[in-house]
Amino acid sequence: MLLADTEKPCRMVYSLCKHEFLGYLIEPHVVQLNPQGDFSLSYQRVFTHTAKDYDCSLDATDIRLIKILDEIEQDYLIKKYHKKSVRSSEFFTKIFDEKFYENVRPRIEKKLAEALEILKTKDSLYLMGKDGWPVERKIGLAAEAASVLFHFRRNETETRYFPTIKYQGQRIEFMFKDAQVVSNQPAWLLLDDVLYYFEQGIEGKKLQPFLGKRYIAIPKATEKTYFEKFVGPLIEKYNVYAEGFEIRTEKYEARPILKVIYVDGGISQIQVYFRYGEYLFAMGNDRKVTVRLEKDGDNYIFHRVKRSLDWEKEKFAILTRLGLKKTSALFSNLEVSGLAEDADQSYAVLNWINEHIEELQGQGFDIEQQTGQKRFVIGANKIDLEVKEGNDWFDIYAIVYFGKYQIPFIELKQHILHKRREFMLPDGEIAIIPDKWFAQYGTLFSLAESGKALKLKKHHIGLVNELAEDSITNVTLQRKLQRLNDFEQIDDTNLPIHFRGDLRSYQKAGYNWFGFLREYNFGGCLADDMGLGKTVQTLAMLQKVKEENEQNNSHHPSLIIMPTSLIHNWTNEAKKFTPKLKILAHTGTNRAKDLSLFGRYDLIITTYGVTRIDVALLENFYFNYIILDESQNIKNPGSKSFKSVRALKSKYRLILSGTPVENSVGDLWPQLTFLNPGLLGSQAFFNEEYVQAIEKKKDEDKARKLQSIIKPFVLRRTKEQVAAELPPKTEQVFYCDMSEDQAAYYEKTKSAYRNDLLESMDNGTFAQKQVQLLQGLTALRQLANHPLMIDQAYAADSGKFENVVHTLDNVLKGGHKVLVFSQFVKHLEIFRKHFEREQIAYAYLDGGTRNRGEVVSRFQEDSNLKVFLISLKAGGVGLNLTQADYVFILDPWWNPAVEQQAIDRTHRIGQEKKVFIYKFIAKDTVEEKILALQKRKKSLASALITTEESFIKSLTKDDIREILS
């Protein structure tokens, strides 16, 4: 009925009503009050969207209740669960059925329970009258939960069953009292205008039969089935009193059980059970009480087993902490989490159990296996290793423990090498070899020689040290040999008497390391960064060897193999630091092929190309040292270079390279196999075990293992590590041999200019030849760089270009930034084209560059931009390029002050790194003569000379004759 006047006082009430089809509901109403303050007959059903229309004092709780009750109103339910638009009268007469009721009623009861919980705090619940008046009678809500006790009385003919209700300690009679079950789940019972709710989540249907009945009788003939299907579940959930049969409540000290479900070739799993006495419960079954029925003659015994679910959850938490996970949200079986993609999942759970067996047993877990399957060893797996050092070998003695079984470690060799997981024991049980053993010991078995015991060569000290780090391994080594991993602790070796100059402390440490390697007959790789003095450290060592041999009245020449471009640098460095070394350059087409000549020298220097050609000759000589410079030249194991150097014979071997790994981990195998044959096993083994694992699978453990094997034989210091010892800037001259075509072109041009200019000196016309002299010298300097600069048709190579590209490649691989200066824009163009072909990012600046500031900023700020090509004149001043720490000067400038200005672009305030300056000089050209003149005229140049013309004017006739000789 509509409210007569919305301005008059009203009250919000909640009415319990029985819908003809949907059962009991609660509806919110506003009821108008009469002048006496009582309820009038005017009222209105309230919805969320109409509540604001009434001037009743609705609080937040009312708003919340109205919203909940909106969702059990008939129109809302029809729209939500029937979907199609239909009037309610038509729906209930034509469409409504039991199926709709069974679907919707539990949802209604969920909302009723939510609303009634809130209504406990409000005094506003009423029973609706049959005419729809919402406040027929006041309804109270029980102040606390009532309890139900189910009674069973069994005699010789039947069993009677009925419930009793207690509220606040008093028994309540509800049978034949017109009581109503308002809600089934959870149960709410309306009795004498009070709504009762119950402990233990009792269902209303358990009370419904007794509203008009004293008891239910179960005949003797059907009692067994009734007891199994009804009484047992009832005892599990509720309080039951029995006469005529027993209910025993039992408590046990429980044990957790892990049962291995092995699936051959599949994913094995673990089932978790909890054993309470003789009763077994699977994880996932979370009933607090479980009832088992026993029939003893005519007597029934219900065993009521109480479980500790919190304790069971703690045990499950232990398993997840140790690395297990549920197979899915629906199933309770467990499997190992975090396995690698290629892991064998059939053995994973066995591996996991054996790995954690001690902790599992400490936590009370019992381990079981399926019957009828393979019998696996359950127990801790460990290895007792002992390593003893012999003269040339390490002897390895080891026993493996699989649980209670002891096996000689060597019996596992084929299993580990071929990755076979199952090891059959004499009694038929199967031991599972742990995953990590394949990674830990695969290399050991691959590299060891095996007889009755395993043997490792002395150069496998790194592998032994790794074993020593494992606490289960007992390793006894000489004190000196233990120091191999810490080269700074190696005994100091005096410098040779006839070494000229000083070694920085890191260079002295490298020199000491060479002595240590010699003592133990190991080969080593000096892999210092470019510019840190690998050459001078090696020369000091060779001079020391010469002096030791002289004391012993012996003489053993050494051989150094290098790229052609480095021949001149080695000979120059030797003259400077070790002038007493007698050196033979075994190079050129006219080189001697008489091995007896070698005995007259201390050091033979040759190239990789000559070695390939002369290998049949050289392999007949036994050298003291064979040293490979830029040893990455043999990184291809199928190359002639590798096969040639490997065929040579020597007492000691060294390799030098700033970039021993250029493209792949595989680059290491040829170089370290040359140094210490067998160190890394066969090429196929190394490729599979390390190259594939590290590069494709990103296996960090394999990378660490490889590092431990090679660490004793690779000494690397970066520029950053030794920066404190370096001067602010280090200059080095690289002498470059011209290619044959380039040299021929150069000689032809030089001859044409020389004849004309020398003749003019003799006939007095030289003064008029200044321009021609400048042209001639410029042409020769360009040819020394690259003949392409003056002849676009030139198709051959340039010695300097090849040398610069090679050096630049090494520097870039170290992550450095480089300034490349040339006074010839044409020279820079050749490099631009090369960079574009090779897709090397670069910045460029010459006299025509307009956005200088933008170019400089980009080079300074872009970490991916490593190379800056700069014209010497355009970039000599006004630039701040402190991000670069290498400077390449491609061609010498007459005035060294101009070169210095270029160097100062990076070597200035704000530069925090050490700066390396590399000058590239074409050997036997005008560039070499310019370098000598620079030194002679240094004071003049720095004081007076600012242009090329003024420098040429300062040249005497003798200077010119020297330049053109």
# chains A, B, ... in the order shown; residues from 1 in each chain; ligands from 1

call {"tool": "residues_around", "arguments": {"residues": "range 373-376 of chain A", "least_positions_apart": "4", "cutoff": "12 Å", "atoms": "only C-alpha atoms", "output": "list of chain:residue names"}}
result
A:Val260, A:Ile261, A:Tyr262, A:Val263, A:Asp264, A:Tyr347, A:Val349, A:Leu350, A:Asn351, A:Ile353, A:Asn354, A:Ile367, A:Glu368, A:Gln369, A:Phe402, A:Gly403, A:Arg421, A:Glu422, A:Phe423, A:Met424, A:Leu425, A:Asp427, A:Gly428, A:Glu429, A:Ile430, A:Ala431, A:Ile432, A:Ile433

call {"tool": "write_last_selection", "arguments": {"atoms": "N, CA and C atoms", "output": "mmCIF file, in the first residue's frame"}}
result
data_model
loop_
_atom_site.group_PDB
_atom_site.id
_atom_site.type_symbol
_atom_site.label_atom_id
_atom_site.label_comp_id
_atom_site.auth_asym_id
_atom_site.auth_seq_id
_atom_site.Cartn_x
_atom_site.Cartn_y
_atom_site.Cartn_z
ATOM 1 N N VAL A 260 55.936 -42.157 -3.433
ATOM 2 C CA VAL A 260 56.484 -41.841 -4.759
ATOM 3 C C VAL A 260 55.664 -42.561 -5.824
ATOM 4 N N ILE A 261 55.128 -41.785 -6.765
ATOM 5 C CA ILE A 261 54.416 -42.354 -7.905
ATOM 6 C C ILE A 261 55.333 -42.187 -9.108
ATOM 7 N N TYR A 262 56.112 -43.230 -9.399
ATOM 8 C CA TYR A 262 57.092 -43.157 -10.491
ATOM 9 C C TYR A 262 56.409 -43.403 -11.833
ATOM 10 N N VAL A 263 56.649 -42.480 -12.779
ATOM 11 C CA VAL A 263 56.084 -42.607 -14.128
ATOM 12 C C VAL A 263 57.257 -42.660 -15.103
ATOM 13 N N ASP A 264 57.504 -43.831 -15.651
ATOM 14 C CA ASP A 264 58.637 -44.028 -16.556
ATOM 15 C C ASP A 264 58.458 -43.171 -17.804
ATOM 16 N N TYR A 347 62.556 -38.708 -12.879
ATOM 17 C CA TYR A 347 63.395 -38.949 -11.705
ATOM 18 C C TYR A 347 63.410 -37.769 -10.737
ATOM 19 N N VAL A 349 61.332 -36.335 -8.628
ATOM 20 C CA VAL A 349 60.875 -36.457 -7.232
ATOM 21 C C VAL A 349 61.809 -37.360 -6.423
ATOM 22 N N LEU A 350 62.373 -38.387 -7.063
ATOM 23 C CA LEU A 350 63.325 -39.258 -6.365
ATOM 24 C C LEU A 350 64.589 -38.476 -6.015
ATOM 25 N N ASN A 351 65.046 -37.699 -6.990
ATOM 26 C CA ASN A 351 66.220 -36.857 -6.782
ATOM 27 C C ASN A 351 65.961 -35.893 -5.625
ATOM 28 N N ILE A 353 63.742 -36.192 -3.119
ATOM 29 C CA ILE A 353 63.652 -36.878 -1.827
ATOM 30 C C ILE A 353 65.041 -37.208 -1.297
ATOM 31 N N ASN A 354 65.890 -37.764 -2.149
ATOM 32 C CA ASN A 354 67.233 -38.136 -1.685
ATOM 33 C C ASN A 354 68.049 -36.913 -1.277
ATOM 34 N N ILE A 367 58.786 -42.390 3.939
ATOM 35 C CA ILE A 367 58.825 -42.448 2.477
ATOM 36 C C ILE A 367 58.383 -43.832 2.039
ATOM 37 N N GLU A 368 57.463 -43.899 1.093
ATOM 38 C CA GLU A 368 56.991 -45.182 0.551
ATOM 39 C C GLU A 368 57.054 -45.149 -0.966
ATOM 40 N N GLN A 369 57.122 -46.332 -1.575
ATOM 41 C CA GLN A 369 57.107 -46.451 -3.033
ATOM 42 C C GLN A 369 55.934 -47.332 -3.446
ATOM 43 N N PHE A 402 75.116 -44.440 -1.872
ATOM 44 C CA PHE A 402 73.694 -44.344 -2.196
ATOM 45 C C PHE A 402 72.943 -44.914 -0.993
ATOM 46 N N GLY A 403 72.497 -44.044 -0.109
ATOM 47 C CA GLY A 403 71.883 -44.563 1.119
ATOM 48 C C GLY A 403 72.886 -45.417 1.871
ATOM 49 N N ARG A 421 70.756 -42.243 -15.772
ATOM 50 C CA ARG A 421 70.401 -41.902 -14.395
ATOM 51 C C ARG A 421 70.346 -43.121 -13.473
ATOM 52 N N GLU A 422 69.961 -44.277 -14.012
ATOM 53 C CA GLU A 422 69.736 -45.445 -13.153
ATOM 54 C C GLU A 422 71.002 -46.296 -13.033
ATOM 55 N N PHE A 423 71.396 -46.570 -11.791
ATOM 56 C CA PHE A 423 72.544 -47.432 -11.528
ATOM 57 C C PHE A 423 72.045 -48.648 -10.758
ATOM 58 N N MET A 424 72.134 -49.819 -11.382
ATOM 59 C CA MET A 424 71.610 -51.056 -10.785
ATOM 60 C C MET A 424 72.577 -51.584 -9.721
ATOM 61 N N LEU A 425 72.059 -51.804 -8.528
ATOM 62 C CA LEU A 425 72.860 -52.320 -7.426
ATOM 63 C C LEU A 425 72.751 -53.851 -7.377
ATOM 64 N N ASP A 427 71.660 -56.027 -5.353
ATOM 65 C CA ASP A 427 70.440 -56.679 -4.868
ATOM 66 C C ASP A 427 69.195 -56.304 -5.686
ATOM 67 N N GLY A 428 69.400 -55.605 -6.809
ATOM 68 C CA GLY A 428 68.268 -55.280 -7.676
ATOM 69 C C GLY A 428 67.670 -53.913 -7.436
ATOM 70 N N GLU A 429 68.064 -53.263 -6.315
ATOM 71 C CA GLU A 429 67.583 -51.889 -6.115
ATOM 72 C C GLU A 429 68.299 -50.961 -7.100
ATOM 73 N N ILE A 430 67.621 -49.852 -7.421
ATOM 74 C CA ILE A 430 68.160 -48.909 -8.409
ATOM 75 C C ILE A 430 68.504 -47.600 -7.726
ATOM 76 N N ALA A 431 69.758 -47.181 -7.854
ATOM 77 C CA ALA A 431 70.166 -45.864 -7.345
ATOM 78 C C ALA A 431 69.997 -44.836 -8.461
ATOM 79 N N ILE A 432 69.468 -43.677 -8.115
ATOM 80 C CA ILE A 432 69.321 -42.597 -9.090
ATOM 81 C C ILE A 432 70.477 -41.633 -8.907
ATOM 82 N N ILE A 433 71.278 -41.455 -9.961
ATOM 83 C CA ILE A 433 72.406 -40.523 -9.898
ATOM 84 C C ILE A 433 71.852 -39.098 -9.925
#

call {"tool": "residues_around", "arguments": {"residues": "range 824-840 of chain A", "least_positions_apart": "6", "cutoff": "9 Å", "atoms": "only C-alpha atoms", "output": "number ranges by chain"}}
result
A: 782, 785-786, 788-790, 801, 805, 846, 865-867, 869-872, 890-891

call {"tool": "write_last_selection", "arguments": {"atoms": "C-alpha atoms", "output": "CSV table (one decimal), in the first residue's frame"}}
result
chain,number,residue,atom,x,y,z
A,782,GLN,CA,98.9,9.5,-48.9
A,785,ASN,CA,98.1,5.5,-45.8
A,786,HIS,CA,96.2,3.9,-48.7
A,788,LEU,CA,93.0,4.7,-52.9
A,789,MET,CA,93.5,8.3,-51.7
A,790,ILE,CA,95.2,9.3,-55.0
A,801,PHE,CA,94.5,0.1,-43.2
A,805,VAL,CA,91.1,-2.0,-38.5
A,846,ASP,CA,85.6,17.7,-40.7
A,865,LEU,CA,78.5,5.3,-30.4
A,866,LYS,CA,82.1,4.2,-29.9
A,867,VAL,CA,84.1,5.7,-32.9
A,869,LEU,CA,86.3,10.1,-37.2
A,870,ILE,CA,87.8,13.6,-37.0
A,871,SER,CA,89.8,15.7,-39.5
A,872,LEU,CA,93.0,16.8,-37.7
A,890,LEU,CA,96.5,7.6,-38.6
A,891,ASP,CA,99.3,9.8,-40.1

call {"tool": "select_by_dssp", "arguments": {"residues": "range 627-725 of chain A", "states": "strand (DSSP E or B)", "output": "CSV table (one decimal) with N, CA and C atoms, in the first residue's frame"}}
result
chain,number,residue,atom,x,y,z
A,627,ILE,N,105.7,-19.0,-28.7
A,627,ILE,CA,104.8,-17.9,-28.2
A,627,ILE,C,104.0,-17.4,-29.4
A,628,LEU,N,102.7,-17.4,-29.2
A,628,LEU,CA,101.8,-16.9,-30.2
A,628,LEU,C,101.3,-15.5,-29.8
A,629,ASP,N,101.6,-14.5,-30.6
A,629,ASP,CA,101.0,-13.1,-30.3
A,629,ASP,C,99.7,-13.0,-31.1
A,649,LYS,N,107.2,-28.1,-32.0
A,649,LYS,CA,107.6,-28.8,-30.7
A,649,LYS,C,108.4,-27.7,-29.9
A,650,SER,N,108.1,-27.8,-28.6
A,650,SER,CA,108.8,-26.9,-27.7
A,650,SER,C,108.7,-27.4,-26.2
A,651,LYS,N,109.5,-26.8,-25.4
A,651,LYS,CA,109.4,-27.2,-24.0
A,651,LYS,C,108.3,-26.4,-23.3
A,652,TYR,N,108.2,-25.1,-23.6
A,652,TYR,CA,107.2,-24.3,-23.0
A,652,TYR,C,106.3,-23.6,-24.1
A,653,ARG,N,105.1,-23.2,-23.7
A,653,ARG,CA,104.3,-22.5,-24.6
A,653,ARG,C,103.5,-21.3,-23.9
A,654,LEU,N,103.4,-20.2,-24.7
A,654,LEU,CA,102.7,-19.1,-24.2
A,654,LEU,C,101.8,-18.5,-25.3
A,655,ILE,N,100.7,-17.9,-25.0
A,655,ILE,CA,100.0,-17.1,-26.0
A,655,ILE,C,99.6,-15.8,-25.4
A,656,LEU,N,99.6,-14.8,-26.3
A,656,LEU,CA,99.3,-13.4,-25.9
A,656,LEU,C,98.1,-12.9,-26.7
A,714,VAL,N,95.1,-18.4,-17.4
A,714,VAL,CA,94.8,-17.1,-18.1
A,714,VAL,C,94.9,-16.0,-17.1
A,715,LEU,N,95.8,-15.1,-17.5
A,715,LEU,CA,96.0,-13.9,-16.6
A,715,LEU,C,95.5,-12.7,-17.4

call {"tool": "residues_around", "arguments": {"residues": "Ala221 in chain A", "least_positions_apart": "4", "cutoff": "10 Å", "atoms": "only C-alpha atoms", "output": "PyMOL selection string"}}
result
chain A and resi 157-158+225-226

call {"tool": "write_last_selection", "arguments": {"atoms": "N, CA and C atoms", "output": "PDB file, in the first residue's frame"}}
result
ATOM      1  N   THR A 157      14.665 -54.406  17.314  1.00  0.00           N
ATOM      2  CA  THR A 157      13.802 -54.333  16.115  1.00  0.00           C
ATOM      3  C   THR A 157      14.049 -53.104  15.257  1.00  0.00           C
ATOM      4  N   GLU A 158      14.467 -52.008  15.870  1.00  0.00           N
ATOM      5  CA  GLU A 158      14.629 -50.783  15.085  1.00  0.00           C
ATOM      6  C   GLU A 158      15.585 -49.823  15.788  1.00  0.00           C
ATOM      7  N   THR A 225      22.973 -50.283   6.050  1.00  0.00           N
ATOM      8  CA  THR A 225      23.132 -49.270   4.995  1.00  0.00           C
ATOM      9  C   THR A 225      22.908 -47.876   5.567  1.00  0.00           C
ATOM     10  N   TYR A 226      21.904 -47.736   6.460  1.00  0.00           N
ATOM     11  CA  TYR A 226      21.583 -46.446   7.045  1.00  0.00           C
ATOM     12  C   TYR A 226      22.750 -45.944   7.901  1.00  0.00           C
TER      13      TYR A 226
END

call {"tool": "closest_residue", "arguments": {"among": "A:Ile461, A:Cys736, A:Leu360, A:Ile604", "to": "Asp395 in chain A", "atoms": "only C-alpha atoms"}}
result
A:Ile461

call {"tool": "closest_residue", "arguments": {"among": "A:Asp59, A:Asp756, A:Asp701, A:Glu386", "to": "Gly776 in chain A", "atoms": "only C-alpha atoms"}}
result
A:Asp756

call {"tool": "residues_around", "arguments": {"residues": "Gly524 in chain A", "least_positions_apart": "3", "cutoff": "12 Å", "atoms": "only C-alpha atoms", "output": "ChimeraX atom specification"}}
result
/A:459,484,510-511,513-518,520-521,527,538,625-628,631,652-657,660,671-677,679,710-716

call {"tool": "atom_distance", "arguments": {"atom1": "CA of Gly169 in chain A", "atom2": "CA of Ala242 in chain A"}}
result
20.5 Å

call {"tool": "residues_around", "arguments": {"residues": "range 732-734 of chain A", "least_positions_apart": "4", "cutoff": "7 Å", "atoms": "only C-alpha atoms", "output": "JSON, numbers by chain"}}
result
{"A": [569, 917, 918, 919, 920, 921]}

call {"tool": "closest_residue", "arguments": {"among": "A:Leu417, A:Leu119, A:Leu808, A:Val194", "to": "Lys138 in chain A", "atoms": "only C-alpha atoms"}}
result
A:Val194

call {"tool": "decode", "arguments": {"residues": "range 738-832 of chain A", "atoms": "C-alpha atoms", "output": "mmCIF file, in the first residue's frame"}}
result
data_model
loop_
_atom_site.group_PDB
_atom_site.id
_atom_site.type_symbol
_atom_site.label_atom_id
_atom_site.label_comp_id
_atom_site.auth_asym_id
_atom_site.auth_seq_id
_atom_site.Cartn_x
_atom_site.Cartn_y
_atom_site.Cartn_z
ATOM 1 C CA MET A 738 102.991 -1.842 -46.630
ATOM 2 C CA SER A 739 101.354 -4.513 -48.750
ATOM 3 C CA GLU A 740 103.364 -5.620 -51.810
ATOM 4 C CA ASP A 741 101.175 -3.692 -54.281
ATOM 5 C CA GLN A 742 101.227 -0.629 -52.058
ATOM 6 C CA ALA A 743 105.033 -0.748 -51.679
ATOM 7 C CA ALA A 744 105.515 -1.032 -55.444
ATOM 8 C CA TYR A 745 103.233 1.950 -56.054
ATOM 9 C CA TYR A 746 105.068 3.951 -53.377
ATOM 10 C CA GLU A 747 108.569 3.203 -54.778
ATOM 11 C CA LYS A 748 107.522 4.140 -58.311
ATOM 12 C CA THR A 749 106.146 7.520 -57.154
ATOM 13 C CA LYS A 750 109.082 8.223 -54.833
ATOM 14 C CA SER A 751 111.590 7.594 -57.646
ATOM 15 C CA ALA A 752 109.899 10.074 -59.975
ATOM 16 C CA TYR A 753 109.975 12.901 -57.397
ATOM 17 C CA ARG A 754 113.419 12.079 -56.025
ATOM 18 C CA ASN A 755 115.259 12.192 -59.345
ATOM 19 C CA ASP A 756 113.790 15.565 -60.225
ATOM 20 C CA LEU A 757 114.312 17.150 -56.781
ATOM 21 C CA LEU A 758 117.862 15.832 -56.283
ATOM 22 C CA GLU A 759 118.824 17.120 -59.727
ATOM 23 C CA SER A 760 117.443 20.573 -58.796
ATOM 24 C CA MET A 761 119.624 20.571 -55.690
ATOM 25 C CA ASP A 762 122.671 19.971 -57.835
ATOM 26 C CA ASN A 763 121.902 22.630 -60.512
ATOM 27 C CA GLY A 764 120.744 25.346 -58.059
ATOM 28 C CA THR A 765 117.051 25.430 -59.052
ATOM 29 C CA PHE A 766 115.821 23.835 -55.834
ATOM 30 C CA ALA A 767 114.491 27.134 -54.438
ATOM 31 C CA GLN A 768 111.882 27.185 -57.217
ATOM 32 C CA LYS A 769 110.816 23.598 -56.460
ATOM 33 C CA GLN A 770 109.076 24.214 -53.066
ATOM 34 C CA VAL A 771 105.546 23.557 -54.424
ATOM 35 C CA GLN A 772 106.678 20.430 -56.225
ATOM 36 C CA LEU A 773 108.381 19.222 -53.024
ATOM 37 C CA LEU A 774 105.180 19.774 -51.060
ATOM 38 C CA GLN A 775 103.141 17.920 -53.701
ATOM 39 C CA GLY A 776 105.578 15.020 -53.766
ATOM 40 C CA LEU A 777 105.739 14.610 -50.001
ATOM 41 C CA THR A 778 101.938 14.819 -49.769
ATOM 42 C CA ALA A 779 101.516 12.136 -52.443
ATOM 43 C CA LEU A 780 103.977 9.823 -50.664
ATOM 44 C CA ARG A 781 102.233 10.322 -47.340
ATOM 45 C CA GLN A 782 98.872 9.480 -48.919
ATOM 46 C CA LEU A 783 100.309 6.350 -50.531
ATOM 47 C CA ALA A 784 101.703 5.332 -47.135
ATOM 48 C CA ASN A 785 98.132 5.476 -45.843
ATOM 49 C CA HIS A 786 96.223 3.920 -48.743
ATOM 50 C CA PRO A 787 96.817 4.263 -52.538
ATOM 51 C CA LEU A 788 93.026 4.698 -52.939
ATOM 52 C CA MET A 789 93.533 8.272 -51.749
ATOM 53 C CA ILE A 790 95.210 9.257 -55.044
ATOM 54 C CA ASP A 791 94.035 6.461 -57.342
ATOM 55 C CA GLN A 792 90.364 5.443 -57.337
ATOM 56 C CA ALA A 793 91.189 2.522 -59.625
ATOM 57 C CA TYR A 794 93.513 0.926 -57.030
ATOM 58 C CA ALA A 795 92.013 -2.468 -56.107
ATOM 59 C CA ALA A 796 94.621 -3.990 -53.770
ATOM 60 C CA ASP A 797 95.010 -3.617 -50.008
ATOM 61 C CA SER A 798 96.890 -1.325 -47.627
ATOM 62 C CA GLY A 799 99.080 -2.558 -44.782
ATOM 63 C CA LYS A 800 98.226 0.384 -42.544
ATOM 64 C CA PHE A 801 94.472 0.101 -43.190
ATOM 65 C CA GLU A 802 94.492 -3.587 -42.228
ATOM 66 C CA ASN A 803 96.524 -2.835 -39.102
ATOM 67 C CA VAL A 804 94.265 0.010 -37.968
ATOM 68 C CA VAL A 805 91.093 -2.031 -38.544
ATOM 69 C CA HIS A 806 92.510 -4.973 -36.589
ATOM 70 C CA THR A 807 93.634 -2.783 -33.659
ATOM 71 C CA LEU A 808 90.358 -0.871 -33.626
ATOM 72 C CA ASP A 809 88.406 -4.131 -33.536
ATOM 73 C CA ASN A 810 90.299 -5.210 -30.398
ATOM 74 C CA VAL A 811 89.747 -1.865 -28.678
ATOM 75 C CA LEU A 812 86.024 -1.810 -29.476
ATOM 76 C CA LYS A 813 85.603 -5.326 -28.122
ATOM 77 C CA GLY A 814 86.878 -3.971 -24.806
ATOM 78 C CA GLY A 815 83.983 -1.490 -24.779
ATOM 79 C CA HIS A 816 86.176 1.605 -25.224
ATOM 80 C CA LYS A 817 85.492 4.844 -27.130
ATOM 81 C CA VAL A 818 88.014 5.909 -29.774
ATOM 82 C CA LEU A 819 88.910 9.159 -31.520
ATOM 83 C CA VAL A 820 90.389 8.502 -34.991
ATOM 84 C CA PHE A 821 92.339 11.487 -36.408
ATOM 85 C CA SER A 822 93.690 11.983 -39.907
ATOM 86 C CA GLN A 823 94.756 15.160 -41.661
ATOM 87 C CA PHE A 824 93.340 13.723 -44.900
ATOM 88 C CA VAL A 825 89.567 13.792 -45.384
ATOM 89 C CA LYS A 826 90.033 11.202 -48.161
ATOM 90 C CA HIS A 827 91.599 8.871 -45.609
ATOM 91 C CA LEU A 828 88.622 9.297 -43.283
ATOM 92 C CA GLU A 829 86.296 8.542 -46.219
ATOM 93 C CA ILE A 830 87.913 5.126 -46.681
ATOM 94 C CA PHE A 831 87.143 4.328 -43.038
ATOM 95 C CA ARG A 832 83.587 5.698 -43.325
#
